[in-house]
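Asker: So here's work_22.cif, just mmCIF, C-alpha atoms (C1' of nucleotides):
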```
data_work
loop_
_atom_site.label_atom_id
_atom_site.label_comp_id
_atom_site.auth_asym_id
_atom_site.auth_seq_id
_atom_site.Cartn_x
_atom_site.Cartn_y
_atom_site.Cartn_z
CA MET A 1 185.92 -29.69 22.80
CA PRO A 2 183.43 -27.94 25.02
CA GLU A 3 183.28 -24.18 24.56
CA LEU A 4 180.64 -21.83 25.92
CA PRO A 5 177.62 -23.27 24.03
CA GLU A 6 178.48 -26.84 25.02
CA VAL A 7 179.12 -25.92 28.65
CA GLU A 8 175.84 -23.99 28.75
CA ASN A 9 173.99 -27.09 27.57
CA VAL A 10 175.68 -29.21 30.24
CA VAL A 11 174.61 -26.70 32.89
CA ARG A 12 171.01 -26.64 31.62
CA GLY A 13 170.86 -30.42 31.74
CA LEU A 14 172.30 -30.59 35.25
CA LYS A 15 169.76 -28.04 36.48
CA LYS A 16 166.97 -30.39 35.46
CA ASN A 17 168.41 -33.33 37.33
CA ILE A 18 170.66 -32.64 40.30
CA LEU A 19 169.39 -29.42 41.87
CA ASN A 20 168.66 -29.71 45.60
CA LYS A 21 170.09 -33.22 45.76
CA LYS A 22 172.48 -34.24 48.52
CA ILE A 23 175.98 -35.56 47.86
CA CYS A 24 175.80 -38.78 49.88
CA GLY A 25 179.08 -40.31 48.78
CA VAL A 26 182.25 -39.53 46.84
CA GLU A 27 184.40 -41.94 44.84
CA VAL A 28 187.70 -40.55 43.60
CA LEU A 29 189.18 -42.82 40.92
CA THR A 30 191.86 -40.45 39.56
CA GLU A 31 193.54 -38.08 42.01
CA SER A 32 194.86 -35.69 39.36
CA ILE A 33 191.32 -34.64 38.41
CA ILE A 34 190.90 -33.03 41.84
CA ASN A 35 194.52 -31.77 41.83
CA GLY A 36 195.36 -34.33 44.49
CA ASP A 37 193.20 -32.60 47.13
CA GLN A 38 193.41 -35.01 50.07
CA ASN A 39 190.42 -33.42 51.81
CA PHE A 40 188.13 -33.38 48.78
CA THR A 41 185.75 -36.09 49.98
CA GLN A 42 185.49 -34.62 53.45
CA LYS A 43 184.73 -31.16 52.07
CA VAL A 44 182.06 -32.29 49.62
CA GLN A 45 180.27 -35.18 51.30
CA GLY A 46 176.93 -34.38 52.92
CA GLN A 47 176.46 -31.12 51.05
CA ILE A 48 173.37 -30.00 49.16
CA ILE A 49 173.56 -28.84 45.53
CA GLU A 50 171.95 -25.42 45.69
CA ASP A 51 172.62 -24.01 42.24
CA ILE A 52 174.50 -24.65 39.00
CA GLN A 53 175.99 -21.80 37.02
CA ARG A 54 178.27 -21.18 34.06
CA ARG A 55 181.05 -18.62 33.85
CA GLY A 56 182.94 -18.69 30.54
CA LYS A 57 183.80 -22.35 30.04
CA TYR A 58 183.59 -23.11 33.75
CA ILE A 59 180.78 -24.96 35.46
CA ILE A 60 180.13 -23.86 39.03
CA ILE A 61 178.16 -26.17 41.30
CA LYS A 62 177.13 -24.14 44.34
CA LEU A 63 176.94 -26.18 47.53
CA ASN A 64 175.49 -25.07 50.84
CA GLN A 65 179.12 -24.48 51.85
CA GLY A 66 181.55 -23.67 49.09
CA ASN A 67 181.60 -24.62 45.42
CA LEU A 68 182.79 -27.11 42.87
CA LEU A 69 184.60 -25.37 40.02
CA ILE A 70 184.68 -27.65 37.00
CA HIS A 71 186.51 -27.31 33.70
CA LEU A 72 185.97 -29.96 31.02
CA ARG A 73 188.95 -28.88 28.89
CA MET A 74 189.05 -31.10 25.79
CA THR A 75 187.25 -34.34 26.44
CA GLY A 76 185.64 -34.01 29.87
CA LYS A 77 182.03 -35.06 30.39
CA LEU A 78 179.72 -34.67 33.36
CA LEU A 79 177.13 -37.39 33.13
CA TYR A 80 173.93 -37.89 35.08
CA ASN A 81 173.51 -41.59 35.89
CA GLY A 82 176.13 -42.40 33.23
CA ASP A 83 177.85 -45.77 32.99
CA LYS A 84 181.23 -46.31 34.61
CA ASP A 85 184.23 -47.27 32.48
CA LYS A 86 188.02 -46.94 32.46
CA HIS A 87 187.75 -43.19 31.75
CA THR A 88 185.53 -42.45 34.75
CA HIS A 89 187.56 -40.45 37.29
CA LEU A 90 185.08 -39.20 39.88
CA ILE A 91 181.60 -40.22 40.98
CA LEU A 92 179.36 -38.17 43.25
CA TYR A 93 176.62 -40.37 44.66
CA LEU A 94 173.45 -38.32 45.11
CA SER A 95 170.15 -38.74 46.91
CA GLN A 96 167.35 -40.87 45.35
CA ASP A 97 169.90 -43.46 44.14
CA THR A 98 171.23 -41.16 41.41
CA TRP A 99 174.79 -40.11 40.64
CA LEU A 100 176.91 -37.64 38.74
CA SER A 101 180.09 -38.95 37.18
CA TYR A 102 183.07 -37.30 35.53
CA LYS A 103 184.52 -39.03 32.50
CA ASP A 104 187.53 -37.74 30.58
CA VAL A 105 189.60 -39.73 28.07
CA ARG A 106 192.56 -37.36 28.25
CA LYS A 107 192.34 -36.39 31.91
CA PHE A 108 192.87 -32.70 31.14
CA GLY A 109 189.81 -31.51 33.03
CA ARG A 110 189.71 -30.46 36.69
CA ILE A 111 187.16 -30.47 39.49
CA LEU A 112 188.16 -28.28 42.41
CA TYR A 113 186.50 -27.51 45.70
CA LEU A 114 186.74 -23.77 46.41
CA SER A 115 185.30 -21.61 49.17
CA ASP A 116 183.13 -18.65 48.13
CA SER A 117 186.01 -16.20 48.52
CA GLN A 118 188.46 -18.48 46.70
CA LEU A 119 185.99 -18.82 43.86
CA GLN A 120 185.36 -15.08 43.60
CA ASN A 121 189.07 -14.42 43.63
CA TYR A 122 189.75 -17.04 40.97
CA LEU A 123 187.04 -15.77 38.62
CA ALA A 124 188.00 -12.14 39.12
CA THR A 125 191.63 -12.70 38.21
CA LYS A 126 191.31 -15.23 35.37
CA VAL A 127 187.95 -14.93 33.70
CA GLY A 128 187.06 -12.00 31.45
CA LEU A 129 183.82 -10.62 30.02
CA GLU A 130 180.78 -12.84 29.72
CA PRO A 131 180.13 -12.67 25.96
CA LEU A 132 176.34 -12.88 26.09
CA GLU A 133 176.16 -10.09 28.67
CA MET A 134 178.91 -7.66 27.67
CA SER A 135 178.09 -4.27 26.14
CA PHE A 136 179.71 -3.09 22.93
CA GLU A 137 181.66 -0.48 24.90
CA GLU A 138 183.04 -3.06 27.32
CA PHE A 139 184.01 -5.35 24.45
CA SER A 140 185.74 -2.74 22.33
CA GLN A 141 187.59 -1.24 25.29
CA ARG A 142 188.96 -4.62 26.36
CA ILE A 143 189.86 -5.94 22.94
CA MET A 144 191.50 -2.72 21.74
CA LYS A 145 193.99 -2.88 24.62
CA LYS A 146 195.40 -5.95 22.89
CA LYS A 147 197.67 -6.31 19.90
CA GLY A 148 198.36 -9.02 17.35
CA PRO A 149 196.07 -11.44 15.55
CA ILE A 150 192.42 -10.88 16.45
CA LYS A 151 191.85 -14.62 16.82
CA LYS A 152 194.52 -14.89 19.49
CA ASN A 153 192.72 -12.24 21.53
CA LEU A 154 189.27 -13.77 21.04
CA LEU A 155 190.74 -16.96 22.50
CA ASP A 156 192.18 -15.11 25.52
CA GLN A 157 189.88 -16.12 28.38
CA GLY A 158 191.01 -13.14 30.43
CA VAL A 159 189.57 -10.80 27.79
CA ILE A 160 186.35 -12.62 26.83
CA ALA A 161 185.46 -15.91 28.46
CA GLY A 162 184.07 -18.88 26.61
CA ILE A 163 185.28 -18.69 23.00
CA GLY A 164 187.48 -21.57 21.82
CA ASN A 165 188.92 -22.65 18.50
CA ILE A 166 185.68 -23.57 16.72
CA TYR A 167 183.69 -20.45 17.55
CA ALA A 168 186.63 -18.07 17.05
CA ASP A 169 186.93 -19.21 13.42
CA GLU A 170 183.17 -19.13 12.86
CA ILE A 171 182.80 -15.65 14.39
CA LEU A 172 185.62 -14.20 12.27
CA PHE A 173 184.29 -15.76 9.08
CA ALA A 174 180.84 -14.32 9.73
CA SER A 175 182.47 -10.94 10.42
CA GLY A 176 184.50 -10.96 7.20
CA VAL A 177 187.82 -10.49 9.01
CA LYS A 178 190.82 -12.81 8.69
CA PRO A 179 191.92 -14.46 11.96
CA GLN A 180 195.46 -13.09 11.55
CA TYR A 181 194.24 -9.49 11.06
CA PRO A 182 195.97 -7.24 13.63
CA THR A 183 193.63 -6.23 16.45
CA GLU A 184 195.00 -2.69 16.50
CA LYS A 185 193.96 -2.16 12.87
CA LEU A 186 190.30 -3.09 13.33
CA ASP A 187 187.96 -0.24 12.39
CA PRO A 188 184.66 0.48 14.21
CA ALA A 189 182.63 -1.45 11.63
CA ASP A 190 184.84 -4.55 12.09
CA LEU A 191 184.49 -4.30 15.87
CA LYS A 192 180.74 -3.98 15.65
CA ALA A 193 180.49 -6.97 13.30
CA ILE A 194 182.68 -9.13 15.54
CA TYR A 195 180.70 -8.07 18.61
CA GLU A 196 177.35 -8.89 16.98
CA ASN A 197 178.59 -12.22 15.63
CA ILE A 198 179.97 -13.29 19.01
CA LYS A 199 176.50 -12.81 20.45
CA SER A 200 174.48 -14.33 17.62
CA ILE A 201 176.69 -17.33 16.84
CA LEU A 202 177.04 -18.34 20.48
CA ALA A 203 173.29 -17.94 21.03
CA ILE A 204 172.37 -19.99 17.95
CA ALA A 205 174.93 -22.66 18.88
CA ILE A 206 173.45 -22.93 22.38
CA GLU A 207 169.98 -23.47 20.96
CA ALA A 208 171.36 -26.10 18.56
CA GLY A 209 172.74 -28.01 21.56
CA GLY A 210 176.37 -27.07 20.87
CA SER A 211 178.87 -28.67 18.46
CA THR A 212 179.81 -32.35 18.60
CA ILE A 213 183.10 -32.88 16.76
CA ARG A 214 184.32 -36.11 18.29
CA ASP A 215 182.57 -36.94 21.47
CA TYR A 216 180.89 -33.98 23.16
CA VAL A 217 177.59 -34.84 24.81
CA ASP A 218 175.58 -33.03 27.47
CA SER A 219 174.89 -34.45 30.93
CA THR A 220 172.10 -36.63 29.55
CA GLY A 221 174.32 -38.07 26.80
CA LYS A 222 172.82 -36.00 23.99
CA ALA A 223 175.07 -34.76 21.14
CA GLY A 224 174.86 -31.29 19.59
CA ASP A 225 173.79 -30.23 16.09
CA PHE A 226 175.73 -27.03 15.48
CA GLN A 227 178.63 -28.86 13.77
CA ASN A 228 176.29 -29.20 10.79
CA PHE A 229 176.23 -25.42 10.48
CA HIS A 230 179.99 -24.77 10.68
CA LYS A 231 181.08 -22.68 7.74
CA VAL A 232 184.87 -22.83 8.16
CA TYR A 233 185.91 -25.04 11.12
CA GLY A 234 186.94 -28.46 9.77
CA ARG A 235 186.33 -27.36 6.16
CA PHE A 236 189.91 -26.68 4.96
CA GLY A 237 190.15 -27.11 1.19
CA GLN A 238 186.39 -27.03 0.72
CA ALA A 239 184.49 -24.25 -1.04
CA CYS A 240 183.65 -21.06 0.83
CA VAL A 241 179.86 -20.90 1.27
CA ARG A 242 179.97 -17.17 0.50
CA CYS A 243 182.34 -16.80 -2.47
CA ASN A 244 183.18 -20.36 -3.52
CA SER A 245 186.96 -19.90 -3.08
CA SER A 246 188.91 -22.78 -1.57
CA LEU A 247 189.22 -22.32 2.22
CA ASP A 248 192.76 -21.86 3.51
CA LYS A 249 194.45 -23.10 6.69
CA THR A 250 197.12 -21.71 9.02
CA LYS A 251 198.18 -21.83 12.68
CA ILE A 252 197.44 -19.02 15.12
CA ALA A 253 198.40 -19.20 18.78
CA GLY A 254 199.21 -22.87 18.22
CA ARG A 255 195.78 -23.74 16.86
CA THR A 256 194.59 -24.87 13.47
CA THR A 257 192.77 -21.97 11.86
CA VAL A 258 190.55 -22.14 8.77
CA PHE A 259 189.45 -19.06 6.86
CA CYS A 260 188.48 -17.78 3.43
CA PRO A 261 191.44 -16.10 1.66
CA ASP A 262 189.10 -13.99 -0.50
CA CYS A 263 186.06 -12.81 1.44
CA GLN A 264 187.65 -12.22 4.85
CA LYS A 265 189.63 -9.00 4.91
CA GLY A 266 193.25 -8.61 6.01
"C1'" DC B 1 204.64 -7.51 33.32
"C1'" DG B 2 203.68 -9.85 28.96
"C1'" DT B 3 204.56 -13.49 25.52
"C1'" DG B 4 205.37 -17.93 23.62
"C1'" DC B 5 205.95 -22.64 24.01
"C1'" DG B 6 206.25 -27.33 26.22
"C1'" DG B 7 203.59 -30.48 28.99
"C1'" DC B 8 199.63 -32.75 30.19
"C1'" DC B 9 196.91 -37.16 27.98
"C1'" DT B 10 194.70 -40.64 24.78
"C1'" DG B 11 192.78 -42.30 20.53
"C1'" DA B 12 192.07 -41.61 15.69
"C1'" DA B 13 194.18 -40.65 11.52
"C1'" DT B 14 198.04 -40.63 8.72
"C1'" DG B 15 202.75 -42.09 7.05
"C1'" DC B 16 206.04 -45.54 5.76
"C1'" DT C 1 199.32 -55.38 7.83
"C1'" DG C 2 201.65 -53.31 11.46
"C1'" DC C 3 204.23 -50.15 13.72
"C1'" DA C 4 205.55 -45.22 14.42
"C1'" DT C 5 204.37 -40.51 14.13
"C1'" DT C 6 201.26 -36.72 14.00
"C1'" DC C 7 197.28 -34.31 15.29
"C1'" DA C 8 193.41 -32.69 18.11
"C1'" DG C 9 193.35 -27.80 21.47
"C1'" DG C 10 192.52 -25.62 26.66
"C1'" DC C 11 195.12 -24.02 30.18
"C1'" DC C 12 199.05 -24.04 33.45
"C1'" DG C 13 203.73 -23.16 34.44
"C1'" DC C 14 208.08 -21.78 33.18
"C1'" DA C 15 211.77 -19.40 30.52
"C1'" DC C 16 212.91 -15.20 28.50
#
```
If you took the structure in this file and wrote it as structure tokens, what would it be?
Answerer:
Amino acid sequence: MPELPEVENVVRGLKKNILNKKICGVEVLTESIINGDQNFTQKVQGQIIEDIQRRGKYIIIKLNQGNLLIHLRMTGKLLYNGDKDKHTHLILYLSQDTWLSYKDVRKFGRILYLSDSQLQNYLATKVGLEPLEMSFEEFSQRIMKKKGPIKKNLLDQGVIAGIGNIYADEILFASGVKPQYPTEKLDPADLKAIYENIKSILAIAIEAGGSTIRDYVDSTGKAGDFQNFHKVYGRFGQACVRCNSSLDKTKIAGRTTVFCPDCQKG
DNA sequence: CGTGCGGCCTGAATGC
DNA sequence: TGCATTCAGGCCGCAC
């Protein structure tokens, strides 16, 4: 499930391979992936790929006119020169006999063509702070406007963009705060710890190539390593690496949540 | 306006 | 063994 570190690795891979290439042809195999946009091919064909950026969990491919806004959701993959199979939904044929394909077993992901103003509007209304760039003041101001379980608010993309289920649990374990701990009760030391761990865990995960749980790979087909360093995600019932207690499990905001009942406060 | 939940999807894992 | 059910979790849209 691609979160910020995985998406960042996809973007880095794409930058090596598709920058400045021309989109010579478009093959739409599954209409729902482009939200049924009947003019998609016409809008994209012939354009040059000028830049590739990440914003939260979104990939933005900047064209000479307009943008592709891509979200991989759970099982989406953008592959450079990848093979075509029954889960391939879109192929962009590029210059120099290369191609970029979109593969997605569950078809949750989306690839939308947006003008510059549409893109700016979309990001401004839906996507919150960029975790690797936010200041402590920005973070604490935003998060303290929220109530309820801290994990729920770390997952809220309108507050901070890019944290999903894996990294939320890992960040809160490292911070010594239970995922269900009420946001409004966090003291300054908790906030500081959570802030620092957001930055450090995401940065380390990026350098490890992200986490591969089932099938995440970057645009060159390479899996990540960070799953080998998870301390709570996927470790329900196993021993806490800090205090040796048995890790507990619950549901928060509809998601499986693993935490240590003894060395996380709350 | 905010909140919570069903729907979207498929394949792997689990239950009987 | 085989069939049915559950689970995985991001985000949208809708009901309240």
Asker: Using only C-alpha atoms (C1' of nucleotides), I'd like every residue of chain A that has an atom within 7 Å of chain C; please write them out as a PyMOL selection string.
Answerer: chain A and resi 73-74+255
Asker: Within 8 Å of chain B, which residues belong to chain A? Use only C-alpha atoms (C1' of nucleotides) and report them as a compact mmCIF listing (two decimals) with C-alpha atoms, keeping the file's coordinate frame.
Answerer:
```
# COMPACT_ATOMS: atom_id res chain seq x y z
CA VAL A 105 189.60 -39.73 28.07
CA ARG A 106 192.56 -37.36 28.25
CA LYS A 107 192.34 -36.39 31.91
CA PHE A 108 192.87 -32.70 31.14
```
Asker: Considering all atoms listed in the file, return as a VMD selection string whatever protein or nucleic-acid residues lie within 10 Å of Arg55 (chain A), sequence-local ones (same chain, fewer than 3 positions apart) excluded.
Answerer: chain A and resid 4 7 to 8 58 to 60 69 123 127 to 131 161 to 162
Asker: Any idea what the distance is between CA of Tyr167 (chain A) and CA of Asp51 (chain A)?
Answerer: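 Between CA of Tyr167 (chain A) and CA of Asp51 (chain A) the gap is 27.3 Å.
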Asker: Selected by the PyMOL selection byres ((chain A and resi 257) around 8) in the shown coordinates: which residues, as a ChimeraX atom specification?
Answerer: /A:165,169,179,233,249-252,255-256,258-259
Asker: I want to know what sits within 12 Å of Pro149 (chain A), based on only C-alpha atoms (C1' of nucleotides), with residues of the same chain fewer than 5 positions away left out; could you give that as a VMD selection string?
Answerer: chain A and resid 143 to 144 154 to 156 168 172 177 to 186 251 to 253 257 266
Asker: How many Å lie between CA of Asp218 (chain A) and CA of Pro2 (chain A), rounded to one decimal?
Answerer: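 Separation between CA of Asp218 (chain A) and CA of Pro2 (chain A): 9.7 Å.
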Asker: Go through A:Arg54, A:Asp37, A:Thr98, A:Tyr93 and flag the residue nearest Cys24 (chain A), using all atoms listed in the file for the distances.
Answerer: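 Among the listed residues, the smallest separation from Cys24 (chain A) belongs to A:Tyr93.
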Asker: Any chance you could turn chain C into a file with N, CA and C atoms (P, O5', C5', C4', C3', O3' and C1' of nucleotides), as a compact mmCIF listing (two decimals), in the first residue's frame?
Answerer:
```
# COMPACT_ATOMS: atom_id res chain seq x y z
P DT C 1 -5.58 -32.24 -0.72
O5' DT C 1 -7.07 -31.96 -1.19
C5' DT C 1 -7.83 -33.01 -1.77
C4' DT C 1 -9.23 -32.50 -1.99
C3' DT C 1 -9.32 -31.20 -2.80
O3' DT C 1 -10.34 -31.36 -3.78
C1' DT C 1 -10.41 -30.90 -0.73
P DG C 2 -10.50 -30.24 -4.95
O5' DG C 2 -11.76 -29.40 -4.47
C5' DG C 2 -12.95 -30.07 -4.05
C4' DG C 2 -13.89 -29.05 -3.44
C3' DG C 2 -13.88 -27.69 -4.15
O3' DG C 2 -15.21 -27.23 -4.23
C1' DG C 2 -13.45 -27.38 -1.87
P DC C 3 -15.73 -26.39 -5.48
O5' DC C 3 -16.79 -25.41 -4.82
C5' DC C 3 -17.71 -25.92 -3.84
C4' DC C 3 -17.77 -24.98 -2.66
C3' DC C 3 -17.96 -23.50 -3.02
O3' DC C 3 -19.24 -23.09 -2.59
C1' DC C 3 -16.38 -23.80 -1.26
P DA C 4 -19.74 -21.58 -2.84
O5' DA C 4 -19.49 -20.92 -1.42
C5' DA C 4 -20.02 -21.55 -0.25
C4' DA C 4 -19.70 -20.71 0.96
C3' DA C 4 -19.95 -19.20 0.79
O3' DA C 4 -20.60 -18.72 1.96
C1' DA C 4 -17.67 -19.57 1.37
P DT C 5 -20.98 -17.17 2.11
O5' DT C 5 -19.78 -16.63 3.02
C5' DT C 5 -19.55 -17.26 4.28
C4' DT C 5 -18.34 -16.61 4.94
C3' DT C 5 -18.40 -15.07 5.01
O3' DT C 5 -18.20 -14.71 6.37
C1' DT C 5 -16.31 -15.81 4.14
P DT C 6 -18.21 -13.16 6.82
O5' DT C 6 -16.65 -12.87 6.92
C5' DT C 6 -15.83 -13.74 7.71
C4' DT C 6 -14.39 -13.29 7.63
C3' DT C 6 -14.17 -11.78 7.84
O3' DT C 6 -13.11 -11.64 8.77
C1' DT C 6 -13.13 -12.48 5.84
P DC C 7 -12.82 -10.25 9.47
O5' DC C 7 -11.52 -9.79 8.70
C5' DC C 7 -10.41 -10.69 8.61
C4' DC C 7 -9.42 -10.15 7.62
C3' DC C 7 -9.19 -8.64 7.72
O3' DC C 7 -7.82 -8.42 8.02
C1' DC C 7 -9.48 -9.34 5.45
P DA C 8 -7.36 -7.02 8.62
O5' DA C 8 -6.64 -6.35 7.38
C5' DA C 8 -5.52 -6.99 6.77
C4' DA C 8 -5.26 -6.36 5.45
C3' DA C 8 -5.52 -4.86 5.40
O3' DA C 8 -4.33 -4.16 5.76
C1' DA C 8 -6.31 -5.98 3.42
P DG C 9 -4.42 -2.98 6.77
O5' DG C 9 -4.83 -1.77 5.83
C5' DG C 9 -3.91 -1.32 4.85
C4' DG C 9 -4.58 -0.28 4.00
C3' DG C 9 -5.10 0.93 4.77
O3' DG C 9 -5.01 2.04 3.91
C1' DG C 9 -6.86 -0.08 3.67
P DG C 10 -4.28 3.31 4.40
O5' DG C 10 -4.62 4.28 3.19
C5' DG C 10 -4.04 4.06 1.91
C4' DG C 10 -4.84 4.82 0.88
C3' DG C 10 -5.36 6.17 1.34
O3' DG C 10 -5.21 7.09 0.26
C1' DG C 10 -7.18 4.79 0.73
P DC C 11 -5.40 8.63 0.49
O5' DC C 11 -6.86 8.92 -0.04
C5' DC C 11 -7.12 8.68 -1.41
C4' DC C 11 -8.60 8.61 -1.64
C3' DC C 11 -9.40 9.83 -1.17
O3' DC C 11 -10.13 10.29 -2.28
C1' DC C 11 -10.47 7.83 -0.55
P DC C 12 -10.73 11.78 -2.30
O5' DC C 12 -12.13 11.51 -2.99
C5' DC C 12 -12.23 10.52 -4.02
C4' DC C 12 -13.65 9.98 -4.05
C3' DC C 12 -14.72 11.05 -3.88
O3' DC C 12 -15.69 10.89 -4.90
C1' DC C 12 -15.04 9.28 -2.32
P DG C 13 -16.75 12.09 -5.13
O5' DG C 13 -18.09 11.49 -4.52
C5' DG C 13 -18.51 10.17 -4.87
C4' DG C 13 -19.64 9.74 -3.95
C3' DG C 13 -20.67 10.83 -3.67
O3' DG C 13 -21.96 10.24 -3.71
C1' DG C 13 -19.80 10.05 -1.63
P DC C 14 -23.25 11.16 -3.91
O5' DC C 14 -24.19 10.63 -2.72
C5' DC C 14 -24.23 9.23 -2.41
C4' DC C 14 -24.50 9.05 -0.92
C3' DC C 14 -25.60 9.97 -0.36
O3' DC C 14 -26.59 9.18 0.26
C1' DC C 14 -23.69 9.95 1.05
P DA C 15 -28.04 9.82 0.56
O5' DA C 15 -28.21 9.44 2.09
C5' DA C 15 -27.83 8.14 2.56
C4' DA C 15 -27.65 8.18 4.07
C3' DA C 15 -28.73 8.96 4.83
O3' DA C 15 -29.06 8.25 6.01
C1' DA C 15 -26.60 9.91 5.28
P DC C 16 -30.29 8.75 6.92
O5' DC C 16 -29.57 9.55 8.07
C5' DC C 16 -28.66 8.87 8.96
C4' DC C 16 -27.99 9.89 9.85
C3' DC C 16 -28.94 10.87 10.55
O3' DC C 16 -28.71 10.85 11.94
C1' DC C 16 -27.12 12.01 9.58
```
